[in-house]
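The structure file my_file.txt is reproduced below (compact mmCIF, C-alpha atoms).
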```
# COMPACT_ATOMS: atom_id res chain seq x y z
CA MET A 1361 -16.65 26.40 -15.84
CA TYR A 1362 -19.12 23.96 -14.29
CA LEU A 1363 -19.30 20.25 -15.14
CA ASN A 1364 -22.06 17.78 -14.23
CA ILE A 1365 -21.10 14.11 -13.97
CA GLN A 1366 -22.39 10.86 -12.54
CA ALA A 1367 -19.52 9.03 -10.90
CA ILE A 1368 -18.57 6.35 -8.42
CA VAL A 1369 -16.05 7.11 -5.67
CA LEU A 1370 -12.98 4.87 -5.98
CA ARG A 1371 -10.81 6.41 -3.28
CA VAL A 1372 -10.98 9.05 -0.56
CA THR A 1373 -7.75 10.69 0.66
CA ASP A 1374 -7.47 13.21 3.48
CA TYR A 1375 -6.16 16.54 2.18
CA ASN A 1376 -6.05 18.62 5.36
CA ASP A 1377 -8.08 18.98 8.54
CA ARG A 1378 -11.22 19.93 6.62
CA ASP A 1379 -10.92 18.76 3.02
CA ALA A 1380 -10.39 15.54 1.09
CA LEU A 1381 -9.45 14.45 -2.40
CA LEU A 1382 -11.66 11.96 -4.22
CA THR A 1383 -10.73 9.70 -7.08
CA VAL A 1384 -13.92 9.03 -9.03
CA LEU A 1385 -14.85 7.15 -12.18
CA SER A 1386 -17.38 8.77 -14.51
CA ARG A 1387 -18.89 7.63 -17.77
CA SER A 1388 -18.17 10.81 -19.68
CA HIS A 1389 -14.74 11.83 -18.36
CA GLY A 1390 -13.21 8.61 -17.05
CA LYS A 1391 -11.12 8.92 -13.91
CA LEU A 1392 -11.01 12.31 -12.20
CA THR A 1393 -9.40 13.68 -9.07
CA ILE A 1394 -11.71 16.15 -7.37
CA LYS A 1395 -11.47 18.24 -4.21
CA ALA A 1396 -14.23 17.99 -1.61
CA ARG A 1397 -14.02 21.07 0.57
CA GLY A 1398 -15.27 20.63 4.11
CA LEU A 1399 -15.84 16.89 3.67
CA ARG A 1400 -14.07 16.08 6.94
CA ARG A 1401 -16.33 18.35 8.94
CA LYS A 1402 -18.82 16.51 11.12
CA ASN A 1403 -21.99 17.89 9.51
CA SER A 1404 -20.80 18.20 5.92
CA PRO A 1405 -23.60 17.59 3.35
CA LEU A 1406 -20.99 15.86 1.19
CA ILE A 1407 -20.40 12.94 3.57
CA ALA A 1408 -22.93 10.51 2.01
CA PRO A 1409 -22.27 11.06 -1.72
CA CYS A 1410 -18.49 11.32 -1.22
CA GLN A 1411 -17.88 8.11 0.74
CA LEU A 1412 -16.01 5.18 -0.78
CA LEU A 1413 -18.10 3.18 -3.30
CA ALA A 1414 -20.89 5.78 -3.35
CA PHE A 1415 -22.43 6.48 -6.75
CA GLY A 1416 -23.70 10.00 -7.14
CA GLU A 1417 -24.27 13.08 -9.22
CA PHE A 1418 -21.63 15.77 -8.88
CA THR A 1419 -21.52 19.39 -9.98
CA LEU A 1420 -17.87 20.35 -10.32
CA PHE A 1421 -16.18 23.71 -10.71
CA GLU A 1422 -13.17 23.50 -13.00
CA TYR A 1423 -10.34 26.02 -12.86
CA ARG A 1424 -7.00 25.51 -14.57
CA GLY A 1425 -7.48 21.77 -14.76
CA GLN A 1426 -8.45 21.42 -11.07
CA TYR A 1427 -11.91 20.18 -10.07
CA THR A 1428 -13.76 21.15 -6.90
CA ILE A 1429 -17.15 19.83 -5.82
CA ASN A 1430 -19.81 22.52 -5.83
CA GLU A 1431 -22.72 20.18 -5.11
CA ALA A 1432 -23.23 16.42 -4.78
CA HIS A 1433 -26.19 14.06 -4.39
CA SER A 1434 -26.29 10.31 -3.76
CA ILE A 1435 -27.81 7.99 -6.34
CA GLU A 1436 -26.84 4.62 -4.83
CA LEU A 1437 -24.87 3.94 -1.65
CA PHE A 1438 -24.92 0.11 -1.78
CA THR A 1439 -25.90 0.11 1.88
CA PRO A 1440 -25.90 -3.72 2.33
CA LEU A 1441 -22.17 -3.75 1.50
CA ARG A 1442 -21.46 -1.43 4.41
CA ARG A 1443 -23.00 -3.89 6.84
CA ASP A 1444 -20.76 -6.77 5.73
CA LEU A 1445 -17.00 -6.30 6.11
CA THR A 1446 -16.17 -9.16 3.74
CA LYS A 1447 -18.31 -7.78 0.93
CA LEU A 1448 -17.11 -4.24 1.60
CA SER A 1449 -13.48 -5.30 1.29
CA LEU A 1450 -14.27 -7.10 -1.97
CA GLY A 1451 -16.02 -4.01 -3.32
CA THR A 1452 -13.00 -1.93 -2.30
CA TYR A 1453 -10.82 -4.32 -4.30
CA PHE A 1454 -13.00 -3.67 -7.34
CA ALA A 1455 -12.48 0.06 -6.82
CA GLN A 1456 -8.70 -0.34 -6.57
CA VAL A 1457 -8.58 -2.33 -9.80
CA ALA A 1458 -10.78 0.22 -11.58
CA GLU A 1459 -8.50 3.05 -10.46
CA ILE A 1460 -5.44 1.27 -11.85
CA ILE A 1461 -6.89 0.41 -15.28
CA SER A 1462 -8.76 3.69 -15.90
CA GLN A 1463 -7.22 6.87 -17.24
CA GLU A 1464 -7.66 10.55 -16.46
CA ASP A 1465 -10.19 12.34 -18.66
CA LEU A 1466 -10.71 9.32 -20.92
CA PRO A 1467 -14.38 8.19 -21.09
CA ASN A 1468 -14.84 4.62 -19.92
CA PRO A 1469 -18.54 3.80 -19.64
CA GLU A 1470 -17.92 0.06 -19.87
CA LEU A 1471 -15.66 0.04 -16.83
CA GLN A 1472 -18.03 2.18 -14.77
CA SER A 1473 -20.90 -0.16 -15.66
CA LEU A 1474 -18.80 -3.18 -14.68
CA VAL A 1475 -18.01 -1.72 -11.26
CA LEU A 1476 -21.61 -0.69 -10.62
CA ASN A 1477 -23.06 -4.01 -11.77
CA SER A 1478 -20.55 -5.96 -9.68
CA LEU A 1479 -21.39 -3.93 -6.56
CA PHE A 1480 -25.09 -4.39 -7.28
CA ALA A 1481 -24.58 -8.14 -7.65
CA LEU A 1482 -22.83 -8.25 -4.28
CA SER A 1483 -25.24 -6.04 -2.37
CA LYS A 1484 -28.65 -6.61 -3.97
CA LEU A 1485 -28.54 -9.93 -5.83
CA ASN A 1486 -26.62 -11.76 -3.09
CA LEU A 1487 -24.70 -13.80 -5.64
CA PRO A 1488 -21.79 -15.94 -4.37
CA GLU A 1489 -18.74 -13.78 -3.76
CA PRO A 1490 -16.34 -16.03 -5.74
CA LEU A 1491 -18.61 -15.78 -8.78
CA VAL A 1492 -18.93 -11.98 -8.64
CA LYS A 1493 -15.19 -11.65 -8.05
CA SER A 1494 -14.38 -13.87 -11.05
CA VAL A 1495 -16.72 -12.02 -13.38
CA PHE A 1496 -15.28 -8.67 -12.37
CA GLU A 1497 -11.64 -9.76 -12.65
CA LEU A 1498 -11.88 -11.41 -16.05
CA ARG A 1499 -14.06 -8.71 -17.58
CA ALA A 1500 -11.81 -6.00 -16.13
CA ALA A 1501 -8.82 -7.74 -17.72
CA CYS A 1502 -10.62 -7.65 -21.07
CA LEU A 1503 -11.42 -3.93 -20.70
CA ALA A 1504 -7.78 -3.26 -19.84
CA GLY A 1505 -6.68 -4.86 -23.11
CA TYR A 1506 -5.82 -8.32 -21.80
CA THR A 1507 -8.54 -10.43 -23.41
CA PRO A 1508 -7.33 -14.05 -23.22
CA ASP A 1509 -7.28 -16.43 -26.18
CA LEU A 1510 -9.85 -19.07 -25.26
CA TYR A 1511 -10.41 -20.77 -28.61
CA GLY A 1512 -8.32 -23.87 -28.04
CA CYS A 1513 -4.74 -24.96 -27.47
CA HIS A 1514 -2.52 -22.30 -29.01
CA ILE A 1515 -0.02 -24.97 -30.12
CA CYS A 1516 -2.02 -27.88 -31.51
CA GLY A 1517 -5.48 -26.30 -31.80
CA SER A 1518 -7.17 -28.93 -29.66
CA GLN A 1519 -10.59 -27.93 -28.38
CA THR A 1520 -10.03 -29.82 -25.14
CA PRO A 1521 -7.04 -28.06 -23.56
CA ASP A 1522 -6.44 -28.73 -19.90
CA ARG A 1523 -4.44 -25.72 -18.70
CA PHE A 1524 -4.22 -21.93 -18.94
CA ASP A 1525 -1.01 -19.91 -19.17
CA LEU A 1526 -1.43 -16.90 -16.85
CA ALA A 1527 1.32 -14.82 -18.47
CA ALA A 1528 0.47 -15.49 -22.11
CA GLY A 1529 -3.30 -15.65 -21.63
CA GLN A 1530 -3.49 -18.79 -23.73
CA LEU A 1531 -4.77 -22.34 -23.45
CA GLU A 1532 -2.65 -25.40 -24.00
CA CYS A 1533 -2.55 -29.14 -23.54
CA LYS A 1534 -0.29 -30.82 -21.03
CA THR A 1535 1.54 -32.70 -23.78
CA CYS A 1536 2.14 -29.50 -25.77
CA ARG A 1537 4.23 -27.73 -23.15
CA SER A 1538 7.90 -27.76 -24.01
CA ALA A 1539 10.64 -28.36 -21.45
CA GLU A 1540 11.94 -24.78 -21.92
CA SER A 1541 8.54 -23.23 -21.37
CA ARG A 1542 8.29 -21.10 -18.23
CA GLY A 1543 5.47 -19.42 -16.38
CA ILE A 1544 2.53 -20.53 -14.28
CA ARG A 1545 -0.17 -22.74 -15.77
CA MET A 1546 -3.45 -23.42 -14.00
CA PRO A 1547 -5.72 -26.38 -14.75
CA VAL A 1548 -8.96 -25.80 -16.63
CA THR A 1549 -11.97 -28.06 -17.01
CA PRO A 1550 -14.60 -27.88 -19.77
CA GLY A 1551 -17.02 -26.20 -17.34
CA LEU A 1552 -14.41 -23.68 -16.26
CA LEU A 1553 -13.53 -22.87 -19.86
CA GLU A 1554 -17.19 -22.41 -20.78
CA ALA A 1555 -17.64 -19.93 -17.94
CA MET A 1556 -14.55 -17.97 -18.99
CA ARG A 1557 -15.73 -17.75 -22.58
CA TYR A 1558 -19.14 -16.55 -21.45
CA ILE A 1559 -17.67 -13.80 -19.24
CA CYS A 1560 -15.41 -12.54 -22.02
CA LEU A 1561 -17.97 -12.58 -24.82
CA CYS A 1562 -21.45 -12.02 -23.36
CA ASP A 1563 -23.52 -8.85 -23.51
CA PRO A 1564 -22.57 -6.56 -20.58
CA LYS A 1565 -26.19 -6.62 -19.39
CA LYS A 1566 -26.04 -10.42 -19.01
CA LEU A 1567 -22.73 -10.73 -17.18
CA PHE A 1568 -24.32 -12.31 -14.13
CA SER A 1569 -26.98 -14.32 -15.97
CA PHE A 1570 -25.30 -17.67 -15.51
CA SER A 1571 -24.56 -20.03 -12.65
CA ILE A 1572 -21.85 -22.54 -11.82
CA GLY A 1573 -21.24 -24.96 -8.97
CA SER A 1574 -19.44 -23.80 -5.85
CA ASP A 1575 -16.32 -25.86 -6.61
CA THR A 1576 -16.10 -24.46 -10.14
CA ALA A 1577 -16.65 -20.93 -8.79
CA GLU A 1578 -13.73 -21.30 -6.38
CA GLN A 1579 -11.48 -22.62 -9.16
CA LEU A 1580 -12.56 -19.82 -11.46
CA SER A 1581 -11.90 -17.23 -8.75
CA ALA A 1582 -8.35 -18.47 -8.25
CA LEU A 1583 -7.68 -18.48 -11.98
CA THR A 1584 -9.09 -15.02 -12.76
CA GLU A 1585 -7.30 -13.54 -9.75
CA GLY A 1586 -4.01 -15.02 -10.89
CA TYR A 1587 -4.55 -13.86 -14.46
CA LEU A 1588 -5.43 -10.27 -13.58
CA SER A 1589 -2.59 -9.85 -11.08
CA THR A 1590 -0.13 -11.37 -13.56
CA GLN A 1591 -1.20 -9.05 -16.36
CA LEU A 1592 -1.21 -5.94 -14.17
CA GLU A 1593 2.01 -7.06 -12.46
CA ARG A 1594 0.84 -6.02 -9.01
CA GLY A 1595 -1.21 -6.99 -6.00
CA PHE A 1596 -3.98 -5.13 -4.15
CA SER A 1597 -4.20 -4.40 -0.42
CA ALA A 1598 -8.00 -4.73 -0.37
CA LEU A 1599 -7.76 -8.19 -1.94
CA ASP A 1600 -5.23 -9.27 0.67
CA PHE A 1601 -7.54 -8.04 3.42
CA TYR A 1602 -10.55 -9.76 1.83
CA LYS A 1603 -8.70 -13.07 1.69
CA SER A 1604 -7.56 -12.70 5.32
CA LEU A 1605 -11.23 -12.55 6.36
CA LEU A 1606 -11.88 -15.91 4.70
CA ILE A 1607 -9.33 -17.79 6.76
```
Re-express the file's structure as structure tokens.
Amino acid sequence: MYLNIQAIVLRVTDYNDRDALLTVLSRSHGKLTIKARGLRRKNSPLIAPCQLLAFGEFTLFEYRGQYTINEAHSIELFTPLRRDLTKLSLGTYFAQVAEIISQEDLPNPELQSLVLNSLFALSKLNLPEPLVKSVFELRAACLAGYTPDLYGCHICGSQTPDRFDLAAGQLECKTCRSAESRGIRMPVTPGLLEAMRYICLCDPKKLFSFSIGSDTAEQLSALTEGYLSTQLERGFSALDFYKSLLI
């Protein structure tokens, strides 16, 4: 049986001297593991559409639950990312997160759109990296089922809370925290909170249709990174590498 999909490559793993295994994210079938025969050969026609972060159209042959690429064509390679190691490492981080929160054979068009739009924002729109990173992390957390409660202090209901509980995903006031309360809280300002609410609630097509100051963007980046890693209970090698390039 043949299957046609449009997918983005999240990971490429060597299989043997000639072949490779791809982890891809499609709109219609979610995450798939597919075999690319001959990909490691020097003149393979699959090299461009099967590279990391490439978005392409794939014709797959399915046999007993195993998928093999019959034909592949590039749609978007995000070439500017490949000329900038910092942006490439950040895009790779997006791919690693998407692989973790997606599921095999479960359609996830929203996640695929988020990855593609985030890569487009990095490579074509030239938006500040901390802003793109924050948008991706917080929206990815929402898609993974970890939408934070941003409607006010969860204890007293105040609309001017000043901190965010990374583990609980809730806002609170400094005076509301009990002595027995544990976990990491990060400070939030009104501007930071407004940006978080926008990212969580806006139309997917308008995710990057807002701007914030550089200081707020850096604070937001630290908060969304902490929140996503806390909820997923893991770190990411590409994120570590990205941050090492900023030192």
Surrounding residues of segment 1415-1418 of chain A excluding itself and chain neighbours under 3 positions, 10 Å, all atoms listed in the file, as JSON, numbers by chain | {"A": [1363, 1364, 1365, 1366, 1367, 1368, 1369, 1370, 1384, 1385, 1386, 1408, 1409, 1410, 1411, 1412, 1421, 1428, 1429, 1430, 1431, 1432, 1433, 1434, 1435, 1436, 1437, 1438, 1476]}
Taking (-21.7, -7.1, -20.0) as a centre in this file's frame and 10 Å as the limit, can you find every polymer residue with an atom that close, using all atoms listed in the file, and give them as an mmCIF file with C-alpha atoms, in the frame of the given file?
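After the write, result22.cif holds the following:
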```cif
data_model
loop_
_atom_site.group_PDB
_atom_site.id
_atom_site.type_symbol
_atom_site.label_atom_id
_atom_site.label_comp_id
_atom_site.auth_asym_id
_atom_site.auth_seq_id
_atom_site.Cartn_x
_atom_site.Cartn_y
_atom_site.Cartn_z
ATOM 1 C CA GLU A 1470 -17.920 0.060 -19.870
ATOM 2 C CA LEU A 1471 -15.660 0.040 -16.830
ATOM 3 C CA SER A 1473 -20.900 -0.160 -15.660
ATOM 4 C CA LEU A 1474 -18.800 -3.180 -14.680
ATOM 5 C CA ASN A 1477 -23.060 -4.010 -11.770
ATOM 6 C CA VAL A 1495 -16.720 -12.020 -13.380
ATOM 7 C CA ARG A 1499 -14.060 -8.710 -17.580
ATOM 8 C CA TYR A 1558 -19.140 -16.550 -21.450
ATOM 9 C CA ILE A 1559 -17.670 -13.800 -19.240
ATOM 10 C CA CYS A 1560 -15.410 -12.540 -22.020
ATOM 11 C CA LEU A 1561 -17.970 -12.580 -24.820
ATOM 12 C CA CYS A 1562 -21.450 -12.020 -23.360
ATOM 13 C CA ASP A 1563 -23.520 -8.850 -23.510
ATOM 14 C CA PRO A 1564 -22.570 -6.560 -20.580
ATOM 15 C CA LYS A 1565 -26.190 -6.620 -19.390
ATOM 16 C CA LYS A 1566 -26.040 -10.420 -19.010
ATOM 17 C CA LEU A 1567 -22.730 -10.730 -17.180
ATOM 18 C CA PHE A 1568 -24.320 -12.310 -14.130
ATOM 19 C CA SER A 1569 -26.980 -14.320 -15.970
#
```
Tell me which protein, DNA and RNA residues are within 6 Å of segment 1388-1401 of chain A, counting only C-alpha atoms, leaving out same-chain ones fewer than 3 positions away, and put them as an NGL selection string.
-> :A and (1378-1385 or 1404 or 1406 or 1427-1429 or 1463-1468)
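Relative to atom CA of Thr1590 of chain A, atom CA of Asn1486 of chain A is found at 28.5 Å.
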Polymer residues at most 7 Å from Ser1478 of chain A, all atoms listed in the file, same-chain spacing of 4 or more positions, as a PyMOL selection string | chain A and resi 1474+1482+1492+1496
Atom CA of Ile1572 of chain A to atom CA of Ala1481 of chain A, distance in Å rounded to a single decimal | 15.2 Å
Using only C-alpha atoms, the best pick from A:Ala1414, A:Leu1420, A:Leu1588, A:Met1556 as closest to Ala1528 of chain A would be A:Leu1588
Hey, can you check how far atom CA of Gly1505 of chain A sits from atom CA of Lys1603 of chain A?
-> 26.2 Å
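Summary of the local environment: counting all atoms listed in the file, residues at most 10 Å from Ser1589 of chain A, other than itself and those fewer than 5 positions away along its chain, are Val1457, Glu1497, Ala1501, Leu1526, Ala1527, Thr1584, Arg1594, Gly1595 and Phe1596 of chain A.
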Atoms to include: C-alpha atoms. Write the selected residues as a PDB file, in the coordinates of the input.
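Result written to selection_17.pdb:
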```pdb
ATOM      1  CA  VAL A1457      -8.580  -2.330  -9.800  1.00  0.00           C
ATOM      2  CA  GLU A1497     -11.640  -9.760 -12.650  1.00  0.00           C
ATOM      3  CA  ALA A1501      -8.820  -7.740 -17.720  1.00  0.00           C
ATOM      4  CA  LEU A1526      -1.430 -16.900 -16.850  1.00  0.00           C
ATOM      5  CA  ALA A1527       1.320 -14.820 -18.470  1.00  0.00           C
ATOM      6  CA  THR A1584      -9.090 -15.020 -12.760  1.00  0.00           C
ATOM      7  CA  ARG A1594       0.840  -6.020  -9.010  1.00  0.00           C
ATOM      8  CA  GLY A1595      -1.210  -6.990  -6.000  1.00  0.00           C
ATOM      9  CA  PHE A1596      -3.980  -5.130  -4.150  1.00  0.00           C
TER      10      PHE A1596
END
```
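For the set A:Pro1508, A:Thr1439, A:Cys1516, A:Gln1456, the residue with the smallest atom-to-atom gap to Ser1483 of chain A is A:Thr1439, counting only C-alpha atoms.
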Could you please give me, as an mmCIF file with C-alpha atoms, keeping the file's coordinate frame, the residues of protein, DNA or RNA lying at most 9 Å from (-3.7, -15.0, -21.8) in the coordinate frame of the file, considering only C-alpha atoms?
```cif
data_model
loop_
_atom_site.group_PDB
_atom_site.id
_atom_site.type_symbol
_atom_site.label_atom_id
_atom_site.label_comp_id
_atom_site.auth_asym_id
_atom_site.auth_seq_id
_atom_site.Cartn_x
_atom_site.Cartn_y
_atom_site.Cartn_z
ATOM 1 C CA TYR A 1506 -5.820 -8.320 -21.800
ATOM 2 C CA THR A 1507 -8.540 -10.430 -23.410
ATOM 3 C CA PRO A 1508 -7.330 -14.050 -23.220
ATOM 4 C CA ASP A 1509 -7.280 -16.430 -26.180
ATOM 5 C CA LEU A 1510 -9.850 -19.070 -25.260
ATOM 6 C CA PHE A 1524 -4.220 -21.930 -18.940
ATOM 7 C CA ASP A 1525 -1.010 -19.910 -19.170
ATOM 8 C CA LEU A 1526 -1.430 -16.900 -16.850
ATOM 9 C CA ALA A 1527 1.320 -14.820 -18.470
ATOM 10 C CA ALA A 1528 0.470 -15.490 -22.110
ATOM 11 C CA GLY A 1529 -3.300 -15.650 -21.630
ATOM 12 C CA GLN A 1530 -3.490 -18.790 -23.730
ATOM 13 C CA LEU A 1531 -4.770 -22.340 -23.450
ATOM 14 C CA TYR A 1587 -4.550 -13.860 -14.460
ATOM 15 C CA GLN A 1591 -1.200 -9.050 -16.360
#
```
Considering all atoms listed in the file, return as a list in words whatever protein or nucleic-acid residues lie within 9 Å of Ser1597 of chain A, sequence-local ones (same chain, fewer than 3 positions apart) excluded.
->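 The filter keeps Tyr1453, Gln1456, Asp1600, Phe1601 and Tyr1602 of chain A.
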Selected residues written out, C-alpha atoms, as a tab-separated table (two decimals), keeping the file's coordinate frame:
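Okay, this is what ended up in result-v1.tsv:
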```tsv
chain	number	residue	atom	x	y	z
A	1453	TYR	CA	-10.82	-4.32	-4.30
A	1456	GLN	CA	-8.70	-0.34	-6.57
A	1600	ASP	CA	-5.23	-9.27	0.67
A	1601	PHE	CA	-7.54	-8.04	3.42
A	1602	TYR	CA	-10.55	-9.76	1.83
```
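Among A:Phe1480, A:Tyr1375, A:Tyr1362, A:Phe1454, the residue with the shortest atom-to-atom distance to Gly1425 of chain A, counting all atoms listed in the file, is A:Tyr1362.
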Repaired coordinates for segment 1458-1469 of chain A (N, CA and C atoms) as a short mmCIF file (atom, residue, chain, number, x, y, z; two decimals), keeping the file's coordinate frame:
```cif
data_model
loop_
_atom_site.label_atom_id
_atom_site.label_comp_id
_atom_site.auth_asym_id
_atom_site.auth_seq_id
_atom_site.Cartn_x
_atom_site.Cartn_y
_atom_site.Cartn_z
N ALA A 1458 -10.25 -0.77 -10.65
CA ALA A 1458 -10.78 0.22 -11.58
C ALA A 1458 -9.90 1.46 -11.63
N GLU A 1459 -9.37 1.87 -10.48
CA GLU A 1459 -8.50 3.05 -10.46
C GLU A 1459 -7.23 2.80 -11.27
N ILE A 1460 -6.69 1.59 -11.16
CA ILE A 1460 -5.44 1.27 -11.85
C ILE A 1460 -5.64 1.21 -13.37
N ILE A 1461 -6.74 0.63 -13.83
CA ILE A 1461 -6.89 0.41 -15.28
C ILE A 1461 -7.61 1.55 -16.00
N SER A 1462 -8.11 2.53 -15.25
CA SER A 1462 -8.76 3.69 -15.90
C SER A 1462 -7.75 4.80 -16.10
N GLN A 1463 -8.12 5.77 -16.93
CA GLN A 1463 -7.22 6.87 -17.24
C GLN A 1463 -7.92 8.20 -17.02
N GLU A 1464 -7.12 9.21 -16.70
CA GLU A 1464 -7.66 10.55 -16.46
C GLU A 1464 -8.30 11.10 -17.74
N ASP A 1465 -9.49 11.62 -17.59
CA ASP A 1465 -10.19 12.34 -18.66
C ASP A 1465 -10.44 11.50 -19.91
N LEU A 1466 -10.42 10.19 -19.78
CA LEU A 1466 -10.71 9.32 -20.92
C LEU A 1466 -12.00 8.57 -20.62
N PRO A 1467 -13.08 8.84 -21.37
CA PRO A 1467 -14.38 8.19 -21.09
C PRO A 1467 -14.24 6.68 -21.05
N ASN A 1468 -14.90 6.07 -20.06
CA ASN A 1468 -14.84 4.62 -19.92
C ASN A 1468 -16.15 4.10 -19.36
N PRO A 1469 -17.23 4.24 -20.13
CA PRO A 1469 -18.54 3.80 -19.64
C PRO A 1469 -18.61 2.32 -19.34
#
```
